[in-house]
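Scroll down for the structure; my scribbles are underneath it.
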Amino acid sequence: MKRGLYRAEAVVLNSLDYSESDRILTFYTLEHGKIRGIAKGARRSKKRFVGNLDPTSHINLIFFHSEKSELMRVEEAHLIDGFNNLKVDIDKLSQACYLIELVSEMTREGQAAPQVLHLLVNFLKMLDDGGEDCLLRFFEIRLLAILGYLPHLSGCVTCRQPLSADSKAYFSSEKGGAVCKKCSFGAGSVIPISLGTAGFLSMAAKFDTAKLGRLKPNAVFLEESERILYDFIKHQIGKELKTKKFLDKMRNASL
Ligand SMILES: [Zn+2]
């Protein structure tokens, strides 16, 4: 990126207080992928940025990039959608925070994937409109697909034999897909996967999100998918997600 003033459509991924008056921010933008910037005076002057720099906000951003600093300087942030329903519902808000942490951890600065921004905005909107928990599974598999990490599910990733209903199948994050019983030895720690879940995930990777509201996925497939996808994501990023721990804690508390 050359030195100059830029405009971008973005979602705020993260916001950290910095010094007495500034904030350090991470954005996912349509045009430049993930970028980090500093908003001078954002803590002191509430008027300048209002609530537009809160995590999950969908904004039009104007920023200055100088080649000397890896941080952009945030000049203006205009709200497109603040997803205000999320902010008054702790369940939905924590799900939204999971989506943005996932994008933040799975993407690298300097690589633009416009589909990631479209996906994120689309799913934040669905959560804001009261979407179901199963949205998270669709988001995970779609994000993996866009970023080129889609696990192999149409057969055994090692011997390429089709998975059979008569014999158990497993999922290996290390191998990047389903493995048959024979190949599961030596495939690291594995998780049992049913043929139905393998099929559900393959379908979810391609599903038209406009029709998501009408879908009622099987509870067993969803449960298996959650374990498998999170294990796979953890393997990719090499750590746990803070928001996932929080989501699990909230779920256990409500049981
Ligand atoms: Zn095999």
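Convention: chains lettered A, B, ... in structure tokens order; per-chain residue numbering from 1; ligands numbered from 1 as shown.
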
Can you tell me which residues come within 9 Å of ligand 1 when counting only C-alpha atoms and all ligand atoms, ideally as a PyMOL selection string? chain A and resi 155-163+169+178-184

Excluding A:Ile146 and any residue of its chain fewer than 3 positions from it, enumerate the residues within 12 Å of it, using only C-alpha atoms, and give them as a ChimeraX atom specification. /A:103,106-107,112-120,139-143,149-151,205-206

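Each of A:Cys134, A:Tyr6, A:Gln111, A:Leu255 was compared to A:Asn218 using only C-alpha atoms, and A:Cys134 turns out to be the nearest.
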
Which residues in stretch 68-128 of chain A does DSSP call helix (DSSP H, G or I)? List them as a PDB file with all heavy atoms, in the first residue's frame.
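Result went into states_24.pdb, see below:
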```pdb
ATOM      1  N   LEU A  86     -27.834  -6.827  18.918  1.00  0.00           N
ATOM      2  CA  LEU A  86     -26.800  -7.666  19.533  1.00  0.00           C
ATOM      3  C   LEU A  86     -26.365  -7.120  20.882  1.00  0.00           C
ATOM      4  O   LEU A  86     -26.070  -7.871  21.806  1.00  0.00           O
ATOM      5  CB  LEU A  86     -25.552  -7.718  18.647  1.00  0.00           C
ATOM      6  CG  LEU A  86     -25.633  -8.440  17.314  1.00  0.00           C
ATOM      7  CD1 LEU A  86     -24.287  -8.316  16.595  1.00  0.00           C
ATOM      8  CD2 LEU A  86     -25.960  -9.904  17.552  1.00  0.00           C
ATOM      9  N   LYS A  87     -26.308  -5.797  20.937  1.00  0.00           N
ATOM     10  CA  LYS A  87     -25.725  -5.164  22.120  1.00  0.00           C
ATOM     11  C   LYS A  87     -26.571  -5.309  23.376  1.00  0.00           C
ATOM     12  O   LYS A  87     -26.092  -5.063  24.472  1.00  0.00           O
ATOM     13  CB  LYS A  87     -25.420  -3.693  21.822  1.00  0.00           C
ATOM     14  CG  LYS A  87     -24.279  -3.609  20.826  1.00  0.00           C
ATOM     15  CD  LYS A  87     -23.949  -2.222  20.373  1.00  0.00           C
ATOM     16  CE  LYS A  87     -22.816  -2.308  19.353  1.00  0.00           C
ATOM     17  NZ  LYS A  87     -22.713  -1.132  18.524  1.00  0.00           N
ATOM     18  N   VAL A  88     -27.833  -5.706  23.207  1.00  0.00           N
ATOM     19  CA  VAL A  88     -28.694  -5.869  24.383  1.00  0.00           C
ATOM     20  C   VAL A  88     -29.008  -7.344  24.656  1.00  0.00           C
ATOM     21  O   VAL A  88     -29.870  -7.658  25.472  1.00  0.00           O
ATOM     22  CB  VAL A  88     -30.012  -5.067  24.239  1.00  0.00           C
ATOM     23  CG1 VAL A  88     -29.723  -3.574  24.252  1.00  0.00           C
ATOM     24  CG2 VAL A  88     -30.766  -5.452  22.965  1.00  0.00           C
ATOM     25  N   ILE A  90     -26.912 -10.748  25.546  1.00  0.00           N
ATOM     26  CA  ILE A  90     -25.578 -11.281  25.858  1.00  0.00           C
ATOM     27  C   ILE A  90     -25.274 -12.561  25.070  1.00  0.00           C
ATOM     28  O   ILE A  90     -24.139 -12.787  24.661  1.00  0.00           O
ATOM     29  CB  ILE A  90     -25.393 -11.476  27.401  1.00  0.00           C
ATOM     30  CG1 ILE A  90     -23.996 -11.975  27.757  1.00  0.00           C
ATOM     31  CG2 ILE A  90     -26.440 -12.373  27.997  1.00  0.00           C
ATOM     32  CD1 ILE A  90     -22.926 -10.935  27.640  1.00  0.00           C
ATOM     33  N   ASP A  91     -26.295 -13.401  24.816  1.00  0.00           N
ATOM     34  CA  ASP A  91     -26.067 -14.630  24.033  1.00  0.00           C
ATOM     35  C   ASP A  91     -25.643 -14.299  22.610  1.00  0.00           C
ATOM     36  O   ASP A  91     -24.657 -14.808  22.100  1.00  0.00           O
ATOM     37  CB  ASP A  91     -27.344 -15.483  23.973  1.00  0.00           C
ATOM     38  CG  ASP A  91     -27.630 -16.142  25.306  1.00  0.00           C
ATOM     39  OD1 ASP A  91     -26.660 -16.610  25.939  1.00  0.00           O
ATOM     40  OD2 ASP A  91     -28.804 -16.170  25.722  1.00  0.00           O
ATOM     41  N   LYS A  92     -26.422 -13.423  21.999  1.00  0.00           N
ATOM     42  CA  LYS A  92     -26.133 -13.052  20.598  1.00  0.00           C
ATOM     43  C   LYS A  92     -24.814 -12.284  20.500  1.00  0.00           C
ATOM     44  O   LYS A  92     -24.046 -12.482  19.569  1.00  0.00           O
ATOM     45  CB  LYS A  92     -27.268 -12.193  20.026  1.00  0.00           C
ATOM     46  CG  LYS A  92     -28.583 -12.926  19.920  1.00  0.00           C
ATOM     47  CD  LYS A  92     -28.568 -13.936  18.783  1.00  0.00           C
ATOM     48  CE  LYS A  92     -29.814 -14.792  18.787  1.00  0.00           C
ATOM     49  NZ  LYS A  92     -29.540 -16.212  18.596  1.00  0.00           N
ATOM     50  N   LEU A  93     -24.582 -11.424  21.476  1.00  0.00           N
ATOM     51  CA  LEU A  93     -23.338 -10.637  21.450  1.00  0.00           C
ATOM     52  C   LEU A  93     -22.122 -11.549  21.562  1.00  0.00           C
ATOM     53  O   LEU A  93     -21.132 -11.382  20.854  1.00  0.00           O
ATOM     54  CB  LEU A  93     -23.330  -9.594  22.572  1.00  0.00           C
ATOM     55  CG  LEU A  93     -22.107  -8.678  22.581  1.00  0.00           C
ATOM     56  CD1 LEU A  93     -22.039  -7.833  21.308  1.00  0.00           C
ATOM     57  CD2 LEU A  93     -22.113  -7.753  23.790  1.00  0.00           C
ATOM     58  N   SER A  94     -22.211 -12.556  22.442  1.00  0.00           N
ATOM     59  CA  SER A  94     -21.041 -13.426  22.581  1.00  0.00           C
ATOM     60  C   SER A  94     -20.862 -14.291  21.330  1.00  0.00           C
ATOM     61  O   SER A  94     -19.738 -14.615  20.965  1.00  0.00           O
ATOM     62  CB  SER A  94     -21.088 -14.253  23.855  1.00  0.00           C
ATOM     63  OG  SER A  94     -22.370 -14.699  24.120  1.00  0.00           O
ATOM     64  N   GLN A  95     -21.966 -14.626  20.653  1.00  0.00           N
ATOM     65  CA  GLN A  95     -21.823 -15.354  19.384  1.00  0.00           C
ATOM     66  C   GLN A  95     -21.167 -14.454  18.329  1.00  0.00           C
ATOM     67  O   GLN A  95     -20.294 -14.895  17.578  1.00  0.00           O
ATOM     68  CB  GLN A  95     -23.191 -15.835  18.889  1.00  0.00           C
ATOM     69  CG  GLN A  95     -23.727 -16.981  19.743  1.00  0.00           C
ATOM     70  CD  GLN A  95     -25.190 -17.298  19.469  1.00  0.00           C
ATOM     71  OE1 GLN A  95     -25.795 -16.774  18.546  1.00  0.00           O
ATOM     72  NE2 GLN A  95     -25.765 -18.157  20.280  1.00  0.00           N
ATOM     73  N   ALA A  96     -21.580 -13.195  18.296  1.00  0.00           N
ATOM     74  CA  ALA A  96     -20.992 -12.242  17.342  1.00  0.00           C
ATOM     75  C   ALA A  96     -19.497 -12.051  17.631  1.00  0.00           C
ATOM     76  O   ALA A  96     -18.679 -11.978  16.715  1.00  0.00           O
ATOM     77  CB  ALA A  96     -21.724 -10.908  17.421  1.00  0.00           C
ATOM     78  N   CYS A  97     -19.154 -12.003  18.926  1.00  0.00           N
ATOM     79  CA  CYS A  97     -17.742 -11.836  19.297  1.00  0.00           C
ATOM     80  C   CYS A  97     -16.925 -13.058  18.885  1.00  0.00           C
ATOM     81  O   CYS A  97     -15.751 -12.942  18.534  1.00  0.00           O
ATOM     82  CB  CYS A  97     -17.605 -11.585  20.798  1.00  0.00           C
ATOM     83  SG  CYS A  97     -18.183  -9.934  21.232  1.00  0.00           S
ATOM     84  N   TYR A  98     -17.559 -14.227  18.916  1.00  0.00           N
ATOM     85  CA  TYR A  98     -16.890 -15.443  18.453  1.00  0.00           C
ATOM     86  C   TYR A  98     -16.568 -15.325  16.953  1.00  0.00           C
ATOM     87  O   TYR A  98     -15.458 -15.636  16.522  1.00  0.00           O
ATOM     88  CB  TYR A  98     -17.768 -16.663  18.737  1.00  0.00           C
ATOM     89  CG  TYR A  98     -17.213 -17.954  18.194  1.00  0.00           C
ATOM     90  CD1 TYR A  98     -16.060 -18.525  18.727  1.00  0.00           C
ATOM     91  CD2 TYR A  98     -17.830 -18.604  17.121  1.00  0.00           C
ATOM     92  CE1 TYR A  98     -15.539 -19.708  18.214  1.00  0.00           C
ATOM     93  CE2 TYR A  98     -17.318 -19.786  16.604  1.00  0.00           C
ATOM     94  CZ  TYR A  98     -16.175 -20.334  17.160  1.00  0.00           C
ATOM     95  OH  TYR A  98     -15.655 -21.499  16.643  1.00  0.00           O
ATOM     96  N   LEU A  99     -17.527 -14.829  16.174  1.00  0.00           N
ATOM     97  CA  LEU A  99     -17.294 -14.676  14.732  1.00  0.00           C
ATOM     98  C   LEU A  99     -16.120 -13.731  14.458  1.00  0.00           C
ATOM     99  O   LEU A  99     -15.267 -14.025  13.619  1.00  0.00           O
ATOM    100  CB  LEU A  99     -18.540 -14.126  14.007  1.00  0.00           C
ATOM    101  CG  LEU A  99     -19.856 -14.883  14.132  1.00  0.00           C
ATOM    102  CD1 LEU A  99     -20.895 -14.284  13.171  1.00  0.00           C
ATOM    103  CD2 LEU A  99     -19.693 -16.361  13.838  1.00  0.00           C
ATOM    104  N   ILE A 100     -16.078 -12.623  15.187  1.00  0.00           N
ATOM    105  CA  ILE A 100     -14.997 -11.673  14.890  1.00  0.00           C
ATOM    106  C   ILE A 100     -13.642 -12.171  15.405  1.00  0.00           C
ATOM    107  O   ILE A 100     -12.623 -11.928  14.782  1.00  0.00           O
ATOM    108  CB  ILE A 100     -15.309 -10.218  15.348  1.00  0.00           C
ATOM    109  CG1 ILE A 100     -15.539 -10.116  16.828  1.00  0.00           C
ATOM    110  CG2 ILE A 100     -16.447  -9.618  14.560  1.00  0.00           C
ATOM    111  CD1 ILE A 100     -15.741  -8.678  17.287  1.00  0.00           C
ATOM    112  N   GLU A 101     -13.648 -12.914  16.495  1.00  0.00           N
ATOM    113  CA  GLU A 101     -12.358 -13.467  16.950  1.00  0.00           C
ATOM    114  C   GLU A 101     -11.853 -14.513  15.944  1.00  0.00           C
ATOM    115  O   GLU A 101     -10.665 -14.589  15.644  1.00  0.00           O
ATOM    116  CB  GLU A 101     -12.458 -14.085  18.358  1.00  0.00           C
ATOM    117  CG  GLU A 101     -11.072 -14.433  18.903  1.00  0.00           C
ATOM    118  CD  GLU A 101     -11.047 -15.115  20.265  1.00  0.00           C
ATOM    119  OE1 GLU A 101     -12.112 -15.510  20.769  1.00  0.00           O
ATOM    120  OE2 GLU A 101      -9.942 -15.264  20.814  1.00  0.00           O
ATOM    121  N   LEU A 102     -12.787 -15.291  15.428  1.00  0.00           N
ATOM    122  CA  LEU A 102     -12.446 -16.303  14.429  1.00  0.00           C
ATOM    123  C   LEU A 102     -11.805 -15.648  13.200  1.00  0.00           C
ATOM    124  O   LEU A 102     -10.755 -16.085  12.719  1.00  0.00           O
ATOM    125  CB  LEU A 102     -13.734 -17.029  14.029  1.00  0.00           C
ATOM    126  CG  LEU A 102     -13.659 -18.453  13.522  1.00  0.00           C
ATOM    127  CD1 LEU A 102     -12.860 -19.332  14.450  1.00  0.00           C
ATOM    128  CD2 LEU A 102     -15.067 -19.011  13.360  1.00  0.00           C
ATOM    129  N   VAL A 103     -12.419 -14.585  12.698  1.00  0.00           N
ATOM    130  CA  VAL A 103     -11.863 -13.885  11.529  1.00  0.00           C
ATOM    131  C   VAL A 103     -10.500 -13.288  11.877  1.00  0.00           C
ATOM    132  O   VAL A 103      -9.538 -13.396  11.120  1.00  0.00           O
ATOM    133  CB  VAL A 103     -12.832 -12.785  11.024  1.00  0.00           C
ATOM    134  CG1 VAL A 103     -12.152 -11.890   9.998  1.00  0.00           C
ATOM    135  CG2 VAL A 103     -14.085 -13.419  10.436  1.00  0.00           C
ATOM    136  N   SER A 104     -10.406 -12.699  13.056  1.00  0.00           N
ATOM    137  CA  SER A 104      -9.164 -12.072  13.470  1.00  0.00           C
ATOM    138  C   SER A 104      -8.022 -13.092  13.539  1.00  0.00           C
ATOM    139  O   SER A 104      -6.905 -12.821  13.106  1.00  0.00           O
ATOM    140  CB  SER A 104      -9.379 -11.412  14.827  1.00  0.00           C
ATOM    141  OG  SER A 104      -8.261 -10.653  15.167  1.00  0.00           O
ATOM    142  N   GLU A 105      -8.304 -14.277  14.078  1.00  0.00           N
ATOM    143  CA  GLU A 105      -7.257 -15.288  14.262  1.00  0.00           C
ATOM    144  C   GLU A 105      -6.949 -16.068  12.990  1.00  0.00           C
ATOM    145  O   GLU A 105      -5.834 -16.548  12.808  1.00  0.00           O
ATOM    146  CB  GLU A 105      -7.653 -16.266  15.376  1.00  0.00           C
ATOM    147  CG  GLU A 105      -7.724 -15.640  16.765  1.00  0.00           C
ATOM    148  CD  GLU A 105      -6.356 -15.156  17.274  1.00  0.00           C
ATOM    149  OE1 GLU A 105      -5.315 -15.585  16.745  1.00  0.00           O
ATOM    150  OE2 GLU A 105      -6.359 -14.327  18.204  1.00  0.00           O
ATOM    151  N   MET A 106      -7.943 -16.228  12.136  1.00  0.00           N
ATOM    152  CA  MET A 106      -7.743 -17.074  10.943  1.00  0.00           C
ATOM    153  C   MET A 106      -7.146 -16.314   9.752  1.00  0.00           C
ATOM    154  O   MET A 106      -6.784 -16.929   8.764  1.00  0.00           O
ATOM    155  CB  MET A 106      -9.080 -17.694  10.492  1.00  0.00           C
ATOM    156  CG  MET A 106      -9.694 -18.718  11.424  1.00  0.00           C
ATOM    157  SD  MET A 106      -8.891 -20.342  11.456  1.00  0.00           S
ATOM    158  CE  MET A 106      -9.033 -20.860   9.752  1.00  0.00           C
ATOM    159  N   PRO A 114     -12.224 -10.416  -0.157  1.00  0.00           N
ATOM    160  CA  PRO A 114     -13.492  -9.688  -0.026  1.00  0.00           C
ATOM    161  C   PRO A 114     -14.642 -10.560   0.479  1.00  0.00           C
ATOM    162  O   PRO A 114     -15.508 -10.098   1.212  1.00  0.00           O
ATOM    163  CB  PRO A 114     -13.772  -9.193  -1.447  1.00  0.00           C
ATOM    164  CG  PRO A 114     -12.461  -9.201  -2.135  1.00  0.00           C
ATOM    165  CD  PRO A 114     -11.636 -10.265  -1.499  1.00  0.00           C
ATOM    166  N   GLN A 115     -14.605 -11.855   0.132  1.00  0.00           N
ATOM    167  CA  GLN A 115     -15.693 -12.756   0.561  1.00  0.00           C
ATOM    168  C   GLN A 115     -15.765 -12.870   2.080  1.00  0.00           C
ATOM    169  O   GLN A 115     -16.822 -13.144   2.628  1.00  0.00           O
ATOM    170  CB  GLN A 115     -15.459 -14.162   0.016  1.00  0.00           C
ATOM    171  CG  GLN A 115     -15.740 -14.330  -1.447  1.00  0.00           C
ATOM    172  CD  GLN A 115     -15.177 -15.672  -1.883  1.00  0.00           C
ATOM    173  OE1 GLN A 115     -13.962 -15.809  -2.056  1.00  0.00           O
ATOM    174  NE2 GLN A 115     -16.030 -16.665  -2.024  1.00  0.00           N
ATOM    175  N   VAL A 116     -14.620 -12.691   2.756  1.00  0.00           N
ATOM    176  CA  VAL A 116     -14.614 -12.784   4.225  1.00  0.00           C
ATOM    177  C   VAL A 116     -15.455 -11.654   4.815  1.00  0.00           C
ATOM    178  O   VAL A 116     -16.255 -11.866   5.721  1.00  0.00           O
ATOM    179  CB  VAL A 116     -13.169 -12.749   4.795  1.00  0.00           C
ATOM    180  CG1 VAL A 116     -13.189 -12.636   6.316  1.00  0.00           C
ATOM    181  CG2 VAL A 116     -12.397 -13.983   4.371  1.00  0.00           C
ATOM    182  N   LEU A 117     -15.287 -10.445   4.256  1.00  0.00           N
ATOM    183  CA  LEU A 117     -16.068  -9.312   4.770  1.00  0.00           C
ATOM    184  C   LEU A 117     -17.560  -9.526   4.492  1.00  0.00           C
ATOM    185  O   LEU A 117     -18.396  -9.334   5.369  1.00  0.00           O
ATOM    186  CB  LEU A 117     -15.572  -8.006   4.126  1.00  0.00           C
ATOM    187  CG  LEU A 117     -15.895  -6.654   4.761  1.00  0.00           C
ATOM    188  CD1 LEU A 117     -17.135  -6.008   4.213  1.00  0.00           C
ATOM    189  CD2 LEU A 117     -15.926  -6.670   6.283  1.00  0.00           C
ATOM    190  N   HIS A 118     -17.885  -9.997   3.275  1.00  0.00           N
ATOM    191  CA  HIS A 118     -19.294 -10.256   2.934  1.00  0.00           C
ATOM    192  C   HIS A 118     -19.888 -11.292   3.891  1.00  0.00           C
ATOM    193  O   HIS A 118     -20.998 -11.135   4.386  1.00  0.00           O
ATOM    194  CB  HIS A 118     -19.430 -10.744   1.490  1.00  0.00           C
ATOM    195  CG  HIS A 118     -19.084  -9.702   0.476  1.00  0.00           C
ATOM    196  ND1 HIS A 118     -19.590  -8.425   0.511  1.00  0.00           N
ATOM    197  CD2 HIS A 118     -18.264  -9.738  -0.603  1.00  0.00           C
ATOM    198  CE1 HIS A 118     -19.112  -7.727  -0.500  1.00  0.00           C
ATOM    199  NE2 HIS A 118     -18.293  -8.494  -1.187  1.00  0.00           N
ATOM    200  N   LEU A 119     -19.132 -12.359   4.130  1.00  0.00           N
ATOM    201  CA  LEU A 119     -19.598 -13.428   5.020  1.00  0.00           C
ATOM    202  C   LEU A 119     -19.848 -12.894   6.426  1.00  0.00           C
ATOM    203  O   LEU A 119     -20.893 -13.151   7.036  1.00  0.00           O
ATOM    204  CB  LEU A 119     -18.538 -14.536   5.066  1.00  0.00           C
ATOM    205  CG  LEU A 119     -18.878 -15.769   5.907  1.00  0.00           C
ATOM    206  CD1 LEU A 119     -19.835 -16.679   5.157  1.00  0.00           C
ATOM    207  CD2 LEU A 119     -17.612 -16.559   6.262  1.00  0.00           C
ATOM    208  N   LEU A 120     -18.883 -12.131   6.930  1.00  0.00           N
ATOM    209  CA  LEU A 120     -18.984 -11.604   8.288  1.00  0.00           C
ATOM    210  C   LEU A 120     -20.191 -10.669   8.442  1.00  0.00           C
ATOM    211  O   LEU A 120     -20.979 -10.811   9.384  1.00  0.00           O
ATOM    212  CB  LEU A 120     -17.673 -10.888   8.643  1.00  0.00           C
ATOM    213  CG  LEU A 120     -17.516 -10.362  10.063  1.00  0.00           C
ATOM    214  CD1 LEU A 120     -17.710 -11.484  11.084  1.00  0.00           C
ATOM    215  CD2 LEU A 120     -16.138  -9.727  10.255  1.00  0.00           C
ATOM    216  N   VAL A 121     -20.355  -9.753   7.509  1.00  0.00           N
ATOM    217  CA  VAL A 121     -21.471  -8.805   7.579  1.00  0.00           C
ATOM    218  C   VAL A 121     -22.806  -9.550   7.502  1.00  0.00           C
ATOM    219  O   VAL A 121     -23.730  -9.296   8.282  1.00  0.00           O
ATOM    220  CB  VAL A 121     -21.365  -7.749   6.443  1.00  0.00           C
ATOM    221  CG1 VAL A 121     -22.643  -6.945   6.321  1.00  0.00           C
ATOM    222  CG2 VAL A 121     -20.175  -6.833   6.692  1.00  0.00           C
ATOM    223  N   ASN A 122     -22.860 -10.505   6.583  1.00  0.00           N
ATOM    224  CA  ASN A 122     -24.055 -11.312   6.395  1.00  0.00           C
ATOM    225  C   ASN A 122     -24.480 -12.050   7.679  1.00  0.00           C
ATOM    226  O   ASN A 122     -25.636 -12.035   8.083  1.00  0.00           O
ATOM    227  CB  ASN A 122     -23.671 -12.331   5.318  1.00  0.00           C
ATOM    228  CG  ASN A 122     -24.841 -12.827   4.533  1.00  0.00           C
ATOM    229  OD1 ASN A 122     -25.967 -12.745   4.998  1.00  0.00           O
ATOM    230  ND2 ASN A 122     -24.561 -13.334   3.349  1.00  0.00           N
ATOM    231  N   PHE A 123     -23.510 -12.658   8.348  1.00  0.00           N
ATOM    232  CA  PHE A 123     -23.814 -13.440   9.544  1.00  0.00           C
ATOM    233  C   PHE A 123     -24.073 -12.539  10.757  1.00  0.00           C
ATOM    234  O   PHE A 123     -24.899 -12.879  11.608  1.00  0.00           O
ATOM    235  CB  PHE A 123     -22.708 -14.475   9.826  1.00  0.00           C
ATOM    236  CG  PHE A 123     -22.912 -15.746   9.052  1.00  0.00           C
ATOM    237  CD1 PHE A 123     -22.700 -15.774   7.684  1.00  0.00           C
ATOM    238  CD2 PHE A 123     -23.353 -16.902   9.674  1.00  0.00           C
ATOM    239  CE1 PHE A 123     -22.918 -16.941   6.944  1.00  0.00           C
ATOM    240  CE2 PHE A 123     -23.576 -18.069   8.964  1.00  0.00           C
ATOM    241  CZ  PHE A 123     -23.354 -18.091   7.598  1.00  0.00           C
ATOM    242  N   LEU A 124     -23.390 -11.414  10.850  1.00  0.00           N
ATOM    243  CA  LEU A 124     -23.680 -10.480  11.955  1.00  0.00           C
ATOM    244  C   LEU A 124     -25.120  -9.996  11.820  1.00  0.00           C
ATOM    245  O   LEU A 124     -25.847  -9.875  12.802  1.00  0.00           O
ATOM    246  CB  LEU A 124     -22.712  -9.294  11.928  1.00  0.00           C
ATOM    247  CG  LEU A 124     -21.277  -9.579  12.391  1.00  0.00           C
ATOM    248  CD1 LEU A 124     -20.377  -8.368  12.149  1.00  0.00           C
ATOM    249  CD2 LEU A 124     -21.230  -9.992  13.867  1.00  0.00           C
ATOM    250  N   LYS A 125     -25.521  -9.748  10.574  1.00  0.00           N
ATOM    251  CA  LYS A 125     -26.891  -9.287  10.312  1.00  0.00           C
ATOM    252  C   LYS A 125     -27.898 -10.370  10.719  1.00  0.00           C
ATOM    253  O   LYS A 125     -28.916 -10.082  11.356  1.00  0.00           O
ATOM    254  CB  LYS A 125     -27.019  -8.952   8.819  1.00  0.00           C
ATOM    255  CG  LYS A 125     -28.366  -8.424   8.407  1.00  0.00           C
ATOM    256  CD  LYS A 125     -28.416  -6.904   8.541  1.00  0.00           C
ATOM    257  CE  LYS A 125     -29.823  -6.366   8.380  1.00  0.00           C
ATOM    258  NZ  LYS A 125     -30.406  -5.864   9.627  1.00  0.00           N
ATOM    259  N   MET A 126     -27.605 -11.630  10.373  1.00  0.00           N
ATOM    260  CA  MET A 126     -28.526 -12.717  10.728  1.00  0.00           C
ATOM    261  C   MET A 126     -28.628 -12.888  12.245  1.00  0.00           C
ATOM    262  O   MET A 126     -29.711 -13.113  12.775  1.00  0.00           O
ATOM    263  CB  MET A 126     -28.092 -14.023  10.062  1.00  0.00           C
ATOM    264  CG  MET A 126     -28.412 -14.052   8.578  1.00  0.00           C
ATOM    265  SD  MET A 126     -28.226 -15.694   7.863  1.00  0.00           S
ATOM    266  CE  MET A 126     -26.481 -15.775   7.599  1.00  0.00           C
ATOM    267  N   LEU A 127     -27.494 -12.760  12.940  1.00  0.00           N
ATOM    268  CA  LEU A 127     -27.533 -12.848  14.411  1.00  0.00           C
ATOM    269  C   LEU A 127     -28.335 -11.679  14.985  1.00  0.00           C
ATOM    270  O   LEU A 127     -29.132 -11.850  15.912  1.00  0.00           O
ATOM    271  CB  LEU A 127     -26.121 -12.816  15.007  1.00  0.00           C
ATOM    272  CG  LEU A 127     -25.294 -14.089  14.990  1.00  0.00           C
ATOM    273  CD1 LEU A 127     -23.928 -13.813  15.599  1.00  0.00           C
ATOM    274  CD2 LEU A 127     -25.993 -15.203  15.760  1.00  0.00           C
ATOM    275  N   ASP A 128     -28.118 -10.505  14.418  1.00  0.00           N
ATOM    276  CA  ASP A 128     -28.820  -9.304  14.871  1.00  0.00           C
ATOM    277  C   ASP A 128     -30.337  -9.449  14.664  1.00  0.00           C
ATOM    278  O   ASP A 128     -31.126  -8.943  15.445  1.00  0.00           O
ATOM    279  CB  ASP A 128     -28.289  -8.098  14.080  1.00  0.00           C
ATOM    280  CG  ASP A 128     -28.689  -6.772  14.693  1.00  0.00           C
ATOM    281  OD1 ASP A 128     -28.397  -6.570  15.891  1.00  0.00           O
ATOM    282  OD2 ASP A 128     -29.303  -5.940  13.997  1.00  0.00           O
TER     283      ASP A 128
END
```

Compare A:Arg23, A:Lys34, A:Arg48, A:His65 by their minimum atom-to-atom distance to A:Gly4, counting only C-alpha atoms, and give me the closest one. A:His65

Quick one: DSSP strand (DSSP E) residues in stretch 5-198 of chain A, as a ChimeraX atom specification? /A:5-18,22-29,33-39,58-65,72-81,169-172,177-180,190-193

Write out as a compact mmCIF listing (two decimals) with N, CA, C and O atoms, in the first residue's frame each polymer residue whose atoms come within 10 Å of A:Ile35, counting only C-alpha atoms; drop sequence neighbours fewer than 5 positions from it.
```txt
# COMPACT_ATOMS: atom_id res chain seq x y z
N ALA A 10 -15.55 -1.74 6.26
CA ALA A 10 -14.89 -2.59 7.26
C ALA A 10 -15.82 -3.03 8.38
O ALA A 10 -16.87 -2.44 8.61
N VAL A 12 -15.26 -3.75 12.55
CA VAL A 12 -14.28 -3.61 13.65
C VAL A 12 -14.14 -4.97 14.34
O VAL A 12 -15.12 -5.54 14.82
N LEU A 13 -12.90 -5.49 14.37
CA LEU A 13 -12.67 -6.80 15.00
C LEU A 13 -12.25 -6.67 16.45
O LEU A 13 -12.56 -7.51 17.29
N LEU A 25 -6.89 -0.35 16.97
CA LEU A 25 -8.01 -1.11 16.41
C LEU A 25 -7.57 -2.10 15.35
O LEU A 25 -6.58 -1.87 14.66
N THR A 26 -8.31 -3.19 15.26
CA THR A 26 -8.12 -4.13 14.16
C THR A 26 -9.42 -4.15 13.37
O THR A 26 -10.51 -4.21 13.95
N PHE A 27 -9.27 -4.07 12.04
CA PHE A 27 -10.44 -4.09 11.15
C PHE A 27 -10.29 -5.22 10.14
O PHE A 27 -9.18 -5.57 9.76
N TYR A 28 -11.42 -5.73 9.69
CA TYR A 28 -11.37 -6.52 8.45
C TYR A 28 -12.03 -5.68 7.38
O TYR A 28 -13.18 -5.28 7.52
N THR A 29 -11.27 -5.37 6.32
CA THR A 29 -11.81 -4.50 5.28
C THR A 29 -12.04 -5.27 3.98
O THR A 29 -11.41 -6.30 3.73
N GLU A 70 3.41 0.69 10.78
CA GLU A 70 2.56 -0.42 10.36
C GLU A 70 1.10 -0.18 10.79
O GLU A 70 0.21 -0.90 10.36
N LEU A 71 0.88 0.82 11.62
CA LEU A 71 -0.48 1.17 12.03
C LEU A 71 -1.03 2.28 11.13
O LEU A 71 -0.37 3.29 10.91
N MET A 72 -2.24 2.08 10.61
CA MET A 72 -2.90 3.14 9.85
C MET A 72 -3.40 4.19 10.85
O MET A 72 -3.65 3.86 12.01
N SER A 104 -10.41 -12.70 13.06
CA SER A 104 -9.16 -12.07 13.47
C SER A 104 -8.02 -13.09 13.54
O SER A 104 -6.91 -12.82 13.11
N ARG A 108 -4.56 -13.21 7.93
CA ARG A 108 -3.29 -12.51 8.12
C ARG A 108 -3.35 -11.13 7.48
O ARG A 108 -4.04 -10.95 6.48
N GLU A 109 -2.60 -10.20 8.05
CA GLU A 109 -2.56 -8.86 7.46
C GLU A 109 -1.92 -8.94 6.07
O GLU A 109 -1.04 -9.75 5.84
N GLY A 110 -2.40 -8.09 5.17
CA GLY A 110 -1.80 -8.04 3.84
C GLY A 110 -2.39 -9.01 2.84
O GLY A 110 -1.91 -9.11 1.72
N GLN A 111 -3.42 -9.75 3.25
CA GLN A 111 -4.09 -10.66 2.30
C GLN A 111 -5.56 -10.31 2.26
O GLN A 111 -6.27 -10.49 3.24
N ALA A 112 -6.03 -9.78 1.14
CA ALA A 112 -7.43 -9.36 1.05
C ALA A 112 -8.29 -10.48 0.48
O ALA A 112 -7.96 -11.07 -0.53
```
